[in-house]
Structure formats: structure tokens, C-alpha cells
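One file, structure-v8.csv, carrying CSV, C-alpha atoms:
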chain,number,residue,atom,x,y,z
R,30,ALA,CA,6.8,-16.0,12.3
R,31,VAL,CA,3.0,-16.0,12.5
R,32,ALA,CA,2.7,-16.9,8.8
R,33,GLN,CA,5.2,-19.8,9.3
R,34,ALA,CA,3.2,-21.0,12.3
R,35,ALA,CA,0.0,-20.9,10.2
R,36,LEU,CA,1.6,-22.9,7.4
R,37,ALA,CA,2.7,-25.4,10.0
R,38,GLY,CA,-1.0,-25.8,11.0
R,39,ASP,CA,-1.3,-23.3,14.0
R,40,TRP,CA,-4.3,-21.3,12.9
R,41,ARG,CA,-5.0,-20.2,16.5
R,42,ARG,CA,-1.9,-18.1,16.5
R,43,ALA,CA,-2.9,-16.5,13.2
R,44,ALA,CA,-6.4,-15.8,14.7
R,45,ALA,CA,-4.9,-14.2,17.8
R,46,TYR,CA,-2.5,-12.1,15.7
R,47,LEU,CA,-5.4,-10.7,13.7
R,48,ALA,CA,-7.6,-10.2,16.8
R,49,GLY,CA,-4.6,-8.4,18.5
R,50,ALA,CA,-5.1,-5.4,16.1
R,51,GLY,CA,-8.4,-4.6,17.9
R,52,ARG,CA,-10.2,-1.7,16.2
R,53,ASP,CA,-7.1,-0.3,14.7
R,54,TRP,CA,-8.5,-1.1,11.3
R,55,ASP,CA,-5.3,-0.2,9.3
R,56,LEU,CA,-3.2,-2.5,11.6
R,57,ARG,CA,-5.8,-5.2,11.1
R,58,TRP,CA,-5.5,-4.8,7.3
R,59,TYR,CA,-1.7,-4.8,7.5
R,60,ARG,CA,-1.8,-8.1,9.5
R,61,LEU,CA,-4.4,-9.5,7.2
R,62,GLY,CA,-2.1,-9.2,4.3
R,63,ILE,CA,0.5,-11.3,6.0
R,64,LEU,CA,-2.1,-14.1,6.7
R,65,THR,CA,-3.7,-14.0,3.2
R,66,HIS,CA,-0.2,-14.3,1.6
R,67,ALA,CA,0.3,-17.5,3.6
R,68,ALA,CA,-3.2,-18.7,2.8
R,69,ALA,CA,-2.7,-18.2,-0.9
R,70,GLU,CA,0.4,-20.4,-0.6
R,71,ASP,CA,-1.3,-23.2,1.4
R,72,ASP,CA,-4.8,-22.8,2.9
R,73,THR,CA,-4.9,-26.1,4.9
R,74,TRP,CA,-4.7,-24.2,8.1
R,75,LEU,CA,-7.4,-21.8,7.0
R,76,LYS,CA,-9.8,-24.6,6.1
R,77,ALA,CA,-9.2,-26.1,9.6
R,78,TRP,CA,-10.0,-22.7,11.2
R,79,ARG,CA,-13.2,-22.3,9.2
R,80,THR,CA,-14.3,-25.9,9.9
R,81,GLU,CA,-13.9,-25.5,13.6
R,82,TYR,CA,-15.5,-22.0,13.7
R,83,PRO,CA,-17.7,-21.6,10.6
R,84,GLY,CA,-19.2,-18.4,12.0
R,85,ASP,CA,-16.0,-16.6,12.7
R,86,PRO,CA,-15.9,-13.3,10.8
R,87,ALA,CA,-12.1,-13.2,11.0
R,88,ALA,CA,-11.8,-16.5,9.3
R,89,ALA,CA,-14.3,-15.4,6.6
R,90,LEU,CA,-12.3,-12.3,6.0
R,91,VAL,CA,-9.0,-14.2,5.6
R,92,HIS,CA,-10.7,-16.6,3.2
R,93,ALA,CA,-12.2,-13.7,1.1
R,94,ASP,CA,-8.9,-11.7,0.8
R,95,ALA,CA,-6.9,-14.9,0.2
R,96,LEU,CA,-9.1,-15.5,-2.9
R,97,VAL,CA,-8.1,-11.9,-4.1
R,98,GLU,CA,-4.5,-12.7,-3.4
R,99,LEU,CA,-4.6,-16.0,-5.2
R,100,ALA,CA,-6.3,-14.3,-8.2
R,101,GLY,CA,-3.3,-11.9,-8.4
R,102,ASN,CA,-0.9,-14.8,-8.2
R,103,VAL,CA,-2.6,-16.5,-11.1
R,104,ARG,CA,-2.6,-13.5,-13.3
R,105,GLY,CA,1.0,-12.6,-12.5
R,106,ALA,CA,2.6,-9.2,-12.4
R,107,LYS,CA,3.5,-8.8,-16.0
R,108,LEU,CA,1.9,-6.4,-18.5
R,109,ALA,CA,-1.3,-7.5,-20.2
R,110,LYS,CA,0.5,-8.2,-23.5
R,111,HIS,CA,2.7,-10.7,-21.6
R,112,THR,CA,-0.2,-12.4,-19.8
R,113,THR,CA,-1.9,-15.4,-21.3
R,114,ALA,CA,-5.6,-15.9,-21.9
R,115,GLU,CA,-5.5,-18.8,-19.4
R,116,GLN,CA,-4.0,-16.5,-16.8
R,117,PHE,CA,-6.7,-13.9,-17.4
R,118,GLU,CA,-9.5,-16.5,-17.3
R,119,GLY,CA,-8.3,-17.8,-13.9
R,120,PHE,CA,-7.8,-14.3,-12.6
R,121,HIS,CA,-11.3,-13.2,-13.5
R,122,ARG,CA,-12.9,-16.5,-12.2
R,123,LEU,CA,-11.2,-16.2,-8.8
R,124,LEU,CA,-12.1,-12.5,-8.5
R,125,ALA,CA,-15.8,-13.4,-9.2
R,126,GLU,CA,-15.6,-16.0,-6.4
R,127,ALA,CA,-14.0,-13.5,-4.1
R,128,LEU,CA,-16.8,-10.9,-4.4
R,129,PRO,CA,-19.5,-12.9,-2.6
R,130,ALA,CA,-16.9,-14.1,-0.1
R,131,CYS,CA,-16.1,-10.4,0.7
R,132,GLN,CA,-19.8,-9.6,0.9
R,133,GLU,CA,-20.3,-12.5,3.4
R,134,ALA,CA,-17.4,-11.3,5.5
R,135,ALA,CA,-18.8,-7.7,5.5
R,136,TRP,CA,-22.2,-9.0,6.6
R,137,MET,CA,-20.6,-11.0,9.5
R,138,ALA,CA,-18.7,-7.9,10.8
R,139,PRO,CA,-20.6,-4.8,9.7
R,140,GLU,CA,-18.2,-2.3,11.4
R,141,ASP,CA,-15.1,-3.7,9.8
R,142,PRO,CA,-13.9,-1.8,6.7
R,143,CYS,CA,-11.5,-4.6,5.7
R,144,PRO,CA,-14.0,-6.8,3.7
R,145,TRP,CA,-14.8,-3.7,1.7
R,146,ILE,CA,-11.2,-2.7,1.2
R,147,ALA,CA,-10.5,-6.2,-0.2
R,148,GLN,CA,-13.0,-5.4,-2.9
R,149,ILE,CA,-10.8,-2.6,-4.3
R,150,SER,CA,-8.6,-5.2,-6.0
R,151,ILE,CA,-11.8,-6.8,-7.4
R,152,ALA,CA,-12.9,-3.4,-8.8
R,153,LEU,CA,-9.5,-3.1,-10.4
R,154,GLY,CA,-9.5,-6.5,-12.0
R,155,LEU,CA,-13.1,-6.6,-13.1
R,156,GLY,CA,-13.1,-3.0,-14.4
R,157,TRP,CA,-15.8,-1.4,-12.1
R,158,SER,CA,-17.1,1.9,-13.3
R,159,HIS,CA,-16.2,5.1,-11.5
R,160,ASP,CA,-19.7,5.3,-10.0
R,161,ASP,CA,-19.5,1.8,-8.7
R,162,PHE,CA,-16.1,2.4,-7.2
R,163,ARG,CA,-17.2,5.6,-5.5
R,164,ALA,CA,-20.1,3.6,-4.0
R,165,LEU,CA,-17.6,1.1,-2.7
R,166,TRP,CA,-15.4,3.9,-1.4
R,167,ALA,CA,-18.3,5.4,0.5
R,168,GLU,CA,-18.7,2.2,2.4
R,169,ILE,CA,-15.0,2.2,3.4
R,170,ALA,CA,-15.0,5.9,4.3
R,171,ALA,CA,-18.1,5.5,6.5
R,172,ARG,CA,-16.1,3.0,8.6
R,173,ASP,CA,-12.6,4.5,8.6
R,174,PRO,CA,-12.2,7.7,6.6
R,175,HIS,CA,-8.4,7.9,7.0
R,176,HIS,CA,-7.5,4.3,6.5
R,177,PHE,CA,-4.0,4.2,5.1
R,178,GLY,CA,-4.1,0.9,3.3
R,179,ALA,CA,-7.4,1.6,1.8
R,180,HIS,CA,-6.1,4.9,0.3
R,181,VAL,CA,-3.0,3.2,-1.1
R,182,SER,CA,-5.2,0.6,-2.8
R,183,ALA,CA,-7.7,3.1,-4.1
R,184,LEU,CA,-4.9,5.2,-5.5
R,185,GLN,CA,-4.2,2.2,-7.8
R,186,TYR,CA,-7.8,2.4,-9.1
R,187,TRP,CA,-7.5,6.1,-9.9
R,188,CYS,CA,-4.0,5.9,-11.6
R,189,ALA,CA,-3.5,5.8,-15.3
R,190,LYS,CA,-2.4,2.2,-15.5
R,191,TRP,CA,-5.8,1.0,-14.1
R,192,ARG,CA,-9.1,2.9,-14.3
R,193,GLY,CA,-8.1,6.6,-14.0
R,194,SER,CA,-5.6,9.2,-15.1
R,195,HIS,CA,-2.7,11.2,-13.7
R,196,GLU,CA,-5.2,14.0,-12.9
R,197,LEU,CA,-7.7,11.8,-11.1
R,198,MET,CA,-4.9,10.1,-9.1
R,199,TYR,CA,-3.4,13.4,-8.0
R,200,ALA,CA,-6.8,14.8,-7.1
R,201,PHE,CA,-7.5,11.7,-4.9
R,202,ALA,CA,-4.1,11.9,-3.3
R,203,GLU,CA,-4.5,15.7,-2.6
R,204,GLN,CA,-7.9,15.3,-1.0
R,205,ALA,CA,-6.7,12.5,1.3
R,206,ALA,CA,-3.5,14.3,2.3
R,207,ALA,CA,-5.2,17.6,2.9
R,208,SER,CA,-7.9,16.1,5.1
R,209,ALA,CA,-5.6,13.8,7.1
R,210,PRO,CA,-5.5,14.4,10.9
R,211,GLN,CA,-2.2,15.0,12.7
R,212,GLY,CA,-0.4,11.8,13.2
R,213,SER,CA,-1.6,10.3,9.9
R,214,LEU,CA,0.9,9.3,7.3
R,215,LEU,CA,-1.6,9.9,4.4
R,216,PRO,CA,0.4,13.0,3.2
R,217,VAL,CA,2.8,10.4,1.6
R,218,LEU,CA,0.0,9.6,-0.9
R,219,ARG,CA,1.1,12.5,-3.0
R,220,LEU,CA,4.6,10.9,-3.2
R,221,TYR,CA,3.0,7.6,-4.1
R,222,GLY,CA,1.3,9.3,-7.0
R,223,LEU,CA,4.5,10.9,-8.1
R,224,MET,CA,6.2,7.5,-8.1
R,225,GLU,CA,3.3,6.0,-10.2
R,226,HIS,CA,3.5,8.9,-12.7
R,227,ALA,CA,7.3,8.6,-12.9
R,228,PHE,CA,7.2,4.9,-13.6
R,229,ARG,CA,4.6,5.3,-16.3
R,230,GLU,CA,6.2,8.4,-17.9
R,231,PRO,CA,10.0,7.9,-17.2
R,232,LYS,CA,11.0,10.7,-19.6
R,233,GLU,CA,8.8,13.4,-18.0
R,234,PRO,CA,10.3,15.7,-15.3
R,235,VAL,CA,7.7,14.4,-12.8
R,236,TYR,CA,9.6,15.5,-9.7
R,237,ARG,CA,9.9,19.1,-11.0
R,238,GLN,CA,6.2,19.8,-10.8
R,239,PRO,CA,5.4,22.9,-8.7
R,240,PHE,CA,3.7,21.1,-5.9
R,241,VAL,CA,6.4,18.5,-5.2
R,242,GLN,CA,8.5,20.4,-2.6
R,243,ALA,CA,5.5,21.1,-0.5
R,244,ALA,CA,4.4,17.5,-0.8
R,245,VAL,CA,7.8,16.3,0.4
R,246,ASP,CA,7.7,18.8,3.3
R,247,ALA,CA,4.3,17.7,4.4
R,248,THR,CA,5.4,14.0,4.4
R,249,LEU,CA,8.5,14.9,6.4
R,250,ASP,CA,6.2,16.6,8.9
R,251,ALA,CA,3.9,13.6,9.0
R,252,VAL,CA,6.8,11.3,9.8
R,253,GLU,CA,7.9,13.7,12.6
R,254,TRP,CA,4.4,13.3,14.2
R,255,ALA,CA,3.8,9.6,13.6
R,256,PRO,CA,4.1,7.3,16.6
R,257,ALA,CA,7.4,5.6,16.9
R,258,GLY,CA,7.3,2.1,15.5
R,259,HIS,CA,4.2,2.8,13.3
R,260,HIS,CA,3.7,-0.2,11.0
R,261,ARG,CA,3.5,2.1,8.0
R,262,LEU,CA,6.6,4.2,8.7
R,263,PRO,CA,9.1,2.0,6.7
R,264,MET,CA,7.2,2.3,3.4
R,265,VAL,CA,6.7,6.0,3.9
R,266,ARG,CA,10.5,6.4,4.5
R,267,HIS,CA,11.3,4.5,1.3
R,268,LEU,CA,9.1,6.8,-0.7
R,269,LEU,CA,10.5,9.8,1.0
R,270,ALA,CA,14.1,8.7,0.3
R,271,GLU,CA,13.3,8.4,-3.4
R,272,ALA,CA,11.5,11.8,-3.5
R,273,LEU,CA,14.3,13.5,-1.6
R,274,PHE,CA,16.9,12.0,-3.9
R,275,GLN,CA,14.9,13.0,-7.0
R,276,THR,CA,14.6,16.6,-5.7
R,277,ASP,CA,18.3,16.9,-4.7
R,278,ARG,CA,17.6,17.2,-1.0
R,279,TYR,CA,20.5,14.9,-0.1
R,280,ALA,CA,21.0,15.7,3.6
R,281,GLU,CA,17.4,14.8,4.3
R,282,ALA,CA,17.5,11.8,2.0
R,283,VAL,CA,20.5,10.4,3.9
R,284,GLU,CA,18.4,10.5,7.1
R,285,GLN,CA,15.7,8.3,5.4
R,286,PHE,CA,18.2,5.9,3.8
R,287,ARG,CA,19.8,5.4,7.2
R,288,ALA,CA,16.4,4.8,8.8
R,289,VAL,CA,15.4,2.1,6.4
R,290,GLY,CA,18.7,0.3,6.5
R,291,GLY,CA,19.3,-2.2,3.7
R,292,TYR,CA,15.7,-3.3,3.1
R,293,VAL,CA,14.4,-3.0,-0.5
R,294,GLY,CA,11.0,-4.8,-0.3
R,295,SER,CA,8.9,-1.7,-0.6
R,296,PRO,CA,7.8,0.8,-3.3
R,297,PRO,CA,9.4,2.5,-5.1
R,298,TRP,CA,12.2,-0.2,-5.4
R,299,SER,CA,9.7,-3.1,-5.7
R,300,TYR,CA,8.4,-1.5,-8.9
R,301,SER,CA,11.7,-2.0,-10.6
R,302,ALA,CA,12.7,-5.2,-12.5
R,303,ASN,CA,15.8,-5.1,-10.2
R,304,PRO,CA,14.9,-3.7,-6.8
R,305,VAL,CA,18.3,-4.0,-5.4
R,306,LYS,CA,19.9,-2.2,-8.3
R,307,ALA,CA,17.3,0.7,-8.1
R,308,PHE,CA,17.8,1.0,-4.4
R,309,VAL,CA,21.6,1.0,-4.5
R,310,PHE,CA,21.7,3.5,-7.3
R,311,ALA,CA,19.6,6.0,-5.4
R,312,ARG,CA,21.3,5.4,-2.1
R,313,THR,CA,24.8,5.5,-3.4
R,314,ASN,CA,24.2,8.7,-5.4
R,315,THR,CA,22.5,10.3,-2.5
R,316,PHE,CA,25.5,9.7,-0.2
R,317,VAL,CA,28.1,10.7,-2.9
R,318,ALA,CA,26.3,14.0,-3.5
R,319,TRP,CA,25.9,14.7,0.3
R,320,GLU,CA,29.6,14.0,0.9
R,321,LYS,CA,30.6,16.3,-2.0
R,322,ALA,CA,28.5,19.1,-0.4
R,323,GLY,CA,30.4,18.7,2.9
R,324,CYS,CA,28.0,16.4,4.7
R,325,PRO,CA,25.6,19.1,5.8
R,326,ALA,CA,23.0,18.5,8.5
R,327,PRO,CA,19.4,18.4,7.4
R,328,PRO,CA,17.4,21.5,8.2
R,329,PRO,CA,15.5,21.3,11.5
R,330,ARG,CA,11.7,20.7,11.3
R,331,GLY,CA,8.6,20.0,13.2
R,332,ARG,CA,9.2,19.3,16.9
R,333,ALA,CA,12.8,20.7,16.7
R,334,LEU,CA,11.3,24.1,15.8
R,335,GLY,CA,8.6,23.8,18.5
R,336,TYR,CA,5.6,22.9,16.4
Rewrite the structure of this file - the entire thing - as C-alpha cells.
Amino acid sequence: AVAQAALAGDWRRAAAYLAGAGRDWDLRWYRLGILTHAAAEDDTWLKAWRTEYPGDPAAALVHADALVELAGNVRGAKLAKHTTAEQFEGFHRLLAEALPACQEAAWMAPEDPCPWIAQISIALGLGWSHDDFRALWAEIAARDPHHFGAHVSALQYWCAKWRGSHELMYAFAEQAAASAPQGSLLPVLRLYGLMEHAFREPKEPVYRQPFVQAAVDATLDAVEWAPAGHHRLPMVRHLLAEALFQTDRYAEAVEQFRAVGGYVGSPPWSYSANPVKAFVFARTNTFVAWEKAGCPAPPPRGRALGY
């Protein structure tokens, strides 16, 4: 609704929506994504906002991240071999424009990690070195060391399809999950890494690795302790549902599929060429296997056991 209002010219509602996140930096980043998606579609409202309040750091932030979003739209989501030279040229040009815009937004709001997080996609697209990326990460961590969205974005840098490897990706996910405070959903980063690995190496028994069951358990515990209505819970539940299905933990998978309902606009399904087909396959087979087993209840965990 906020995005539609912005596209209709009501930038004040967009500004209030972003400001409403306060100093919950991950919620601010989440809400920013909704606004930058709208700005990449039509930035008339954003130009009006910046014209009326040229010194507003929030408007500068939306502008910077919208350039990153627009760059991604120009490149497209296909593999490099299916992407034209013109698409790559536009992609790199817009990312080069986005970098000083991000730096300006960071200067205007020194405590806000979001202008730095926006640079992660620039680092991906322009091929920043590991040392340069670690310097960027240090700026983010100094402002919010357990920022969920930042970790998800950084995982992309460290995965094999971008600038890292399976080993570097898993190491990053493990460090983030192991250091996460209670109430954080960062333990799911291990499952995100598993999903990335499985999509890149579909014939490997990725979900049979020794650490997987413990990673699933840690994520289930994190969900138990997360605040009700947390803005990241839906995505975490989708990744949990897939991991539980892949590890034959059908009673627990049923719980997650019921919690997410019929929505498919999240990883892992959004990685598929046909998200609906991928989602329905996993959900249907989960319920069939659970019913064949006699519809057992999931084992109690967390608060039900008194911890």
C-alpha cells in the first residue's frame, strides 16, 4: 500500500513509513527494499521528495539503493551467458553511479548501516576484492553486528556463484549463527547456505552433510524465540520448510508449511524457474509422507520443554 501511494505521488507516506522503523536497522532495511522497488519502477515521487528536502538523508538513501535496484533490473536475473553486452554495460554504469550516492547517504547519516549495506550489491557486481569487501563489512558490523538483511546479502558475496566458495560461504554463515544473540533469526543463515549449495550442485547430497540436523534444530529454536510477527519470520519458515522436507522431518515441515500458507515469493522457491511447482512439490510430498506415517505430532522444543 505504501509503494502504491508513492507511485501515486504521496512521497510523504513513504517517508513516514521509513522513519517509522526508528533505529531498528533491519526493519529500516526491509522497508527500504519496498520503497526502492517502487522507485526503480517510477522515481517521480522520489524526485519530488528530494527537491523539497534536498538534505534529507532518508531520501538520499532511497535514491542510492534505487540505483542499485535499477542496475539489477537492467542486468536481469539470467546467467552471464544469457546476458547481453548492452545489459552488462548498463549494469556496471548504474552501479558506478550508485557508489557515490551510497557514500553521500552514509555521510548524511553516519550511524545508519543501510547506505553501507546497499554497497554489498555494488561489491558483487563490480567484483570487489575480498579485502575491500571485508573493509565494507567492518563498517556495517560497527553499526549493527547482527543485522539480518546485511548477513543475507553478504552471504551472496561469499557464495560460489559470486566471489567466494562453498567453504567461505559456510564459514561466514557459521560465524554469524554461532554469535547471534537469543531472539535473532541469524541461525537460518546455515540453511540459506545449504540452499545455495543445493541449487549450484543439484546432484550432491547437500542435505546429508553432518552439520545439517544441528543447523535445522538451531533454526527451529530461533523461530521459537523470535518475536511474534517478526518481519523476517516468513522467509525463515520457508527455508525451514524446505530443509525439513529434505531431511525427512515431515511432522515439523508440516508445521512450517501451515504457517506460511500458500505464499511462494521467498527463497528457496523463488530460485526455481517455476516457484509454484517447486513449492507444491515439496509441500505435497511433505503432507503425503506425514500422513503415511500416521500424522505424528512434532517433537516438543524450546519453550514447551522449559528452556
- Query: Hey, what's within 12 Å of R:Ala311 if we count all atoms listed in the file and toss same-chain stuff fewer than 2 positions away? As a PyMOL selection string, please?
  - Reply: chain R and resi 267-277+279+282-283+285-286+293+297-298+304-309+313-318
Worksheet entry | Spatial neighbours of R:Pro174, 12 Å, all atoms listed in the file, chain gap at least 6 places, as a ChimeraX atom specification | /R:54-55,142,146,166-168,180,204-206,208-210,213,215
**OP:** Please identify all polymer residues within 7 Å of R:Ala93, counting all atoms listed in the file, omitting same-chain residues fewer than 5 positions from it, and present them as number ranges by chain.
**Re:** R: 127, 130-131
| query | Can you list, as a VMD selection string, every protein, DNA or RNA residue that comes within 10 Å of R:Leu155 when you count all atoms listed in the file, leaving out same-chain residues fewer than 2 positions away? | reply | chain R and resid 120 to 122 124 to 125 149 to 153 157 to 158
Original post:
Counting all atoms listed in the file, what is within 9 Å of stretch 247-256 of chain R, bar same-chain residues fewer than 3 positions away, as a VMD selection string?
Top reply: chain R and resid 206 211 to 220 242 to 244 259 262 265 to 266 269 330 to 332
note - atom CA of R:Asp39 and atom CA of R:Ala135 are separated by 24.9 Å
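Here atom CA of R:Phe162 is placed at a distance of 16.3 Å from atom CA of R:Pro129.
Rounded to one decimal, atom CA of R:Asp72 and atom CA of R:Gly101 lie 15.8 Å from each other.
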Neighbourhood query: residues within 12 Å of (-0.8, -15.2, 3.3), file coordinates, counting only C-alpha atoms; return as a CSV table (one decimal) with C-alpha atoms, keeping the file's coordinate frame.
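Saved the output as result-v9.csv:
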chain,number,residue,atom,x,y,z
R,30,ALA,CA,6.8,-16.0,12.3
R,31,VAL,CA,3.0,-16.0,12.5
R,32,ALA,CA,2.7,-16.9,8.8
R,33,GLN,CA,5.2,-19.8,9.3
R,34,ALA,CA,3.2,-21.0,12.3
R,35,ALA,CA,0.0,-20.9,10.2
R,36,LEU,CA,1.6,-22.9,7.4
R,40,TRP,CA,-4.3,-21.3,12.9
R,43,ALA,CA,-2.9,-16.5,13.2
R,59,TYR,CA,-1.7,-4.8,7.5
R,60,ARG,CA,-1.8,-8.1,9.5
R,61,LEU,CA,-4.4,-9.5,7.2
R,62,GLY,CA,-2.1,-9.2,4.3
R,63,ILE,CA,0.5,-11.3,6.0
R,64,LEU,CA,-2.1,-14.1,6.7
R,65,THR,CA,-3.7,-14.0,3.2
R,66,HIS,CA,-0.2,-14.3,1.6
R,67,ALA,CA,0.3,-17.5,3.6
R,68,ALA,CA,-3.2,-18.7,2.8
R,69,ALA,CA,-2.7,-18.2,-0.9
R,70,GLU,CA,0.4,-20.4,-0.6
R,71,ASP,CA,-1.3,-23.2,1.4
R,72,ASP,CA,-4.8,-22.8,2.9
R,73,THR,CA,-4.9,-26.1,4.9
R,74,TRP,CA,-4.7,-24.2,8.1
R,75,LEU,CA,-7.4,-21.8,7.0
R,91,VAL,CA,-9.0,-14.2,5.6
R,92,HIS,CA,-10.7,-16.6,3.2
R,93,ALA,CA,-12.2,-13.7,1.1
R,94,ASP,CA,-8.9,-11.7,0.8
R,95,ALA,CA,-6.9,-14.9,0.2
R,96,LEU,CA,-9.1,-15.5,-2.9
R,97,VAL,CA,-8.1,-11.9,-4.1
R,98,GLU,CA,-4.5,-12.7,-3.4
R,99,LEU,CA,-4.6,-16.0,-5.2
R,102,ASN,CA,-0.9,-14.8,-8.2
Margin query: Which polymer residues, whether protein, DNA or RNA, lie within 12 Å of the coordinate (6.3, 8.8, -9.9) when you count all atoms listed in the file? List them as a PyMOL selection string, using the chain letters and numbers from the file.
Written below: chain R and resi 188-189+195+198-199+218-238+241+268-269+271-272+275+296-298+300
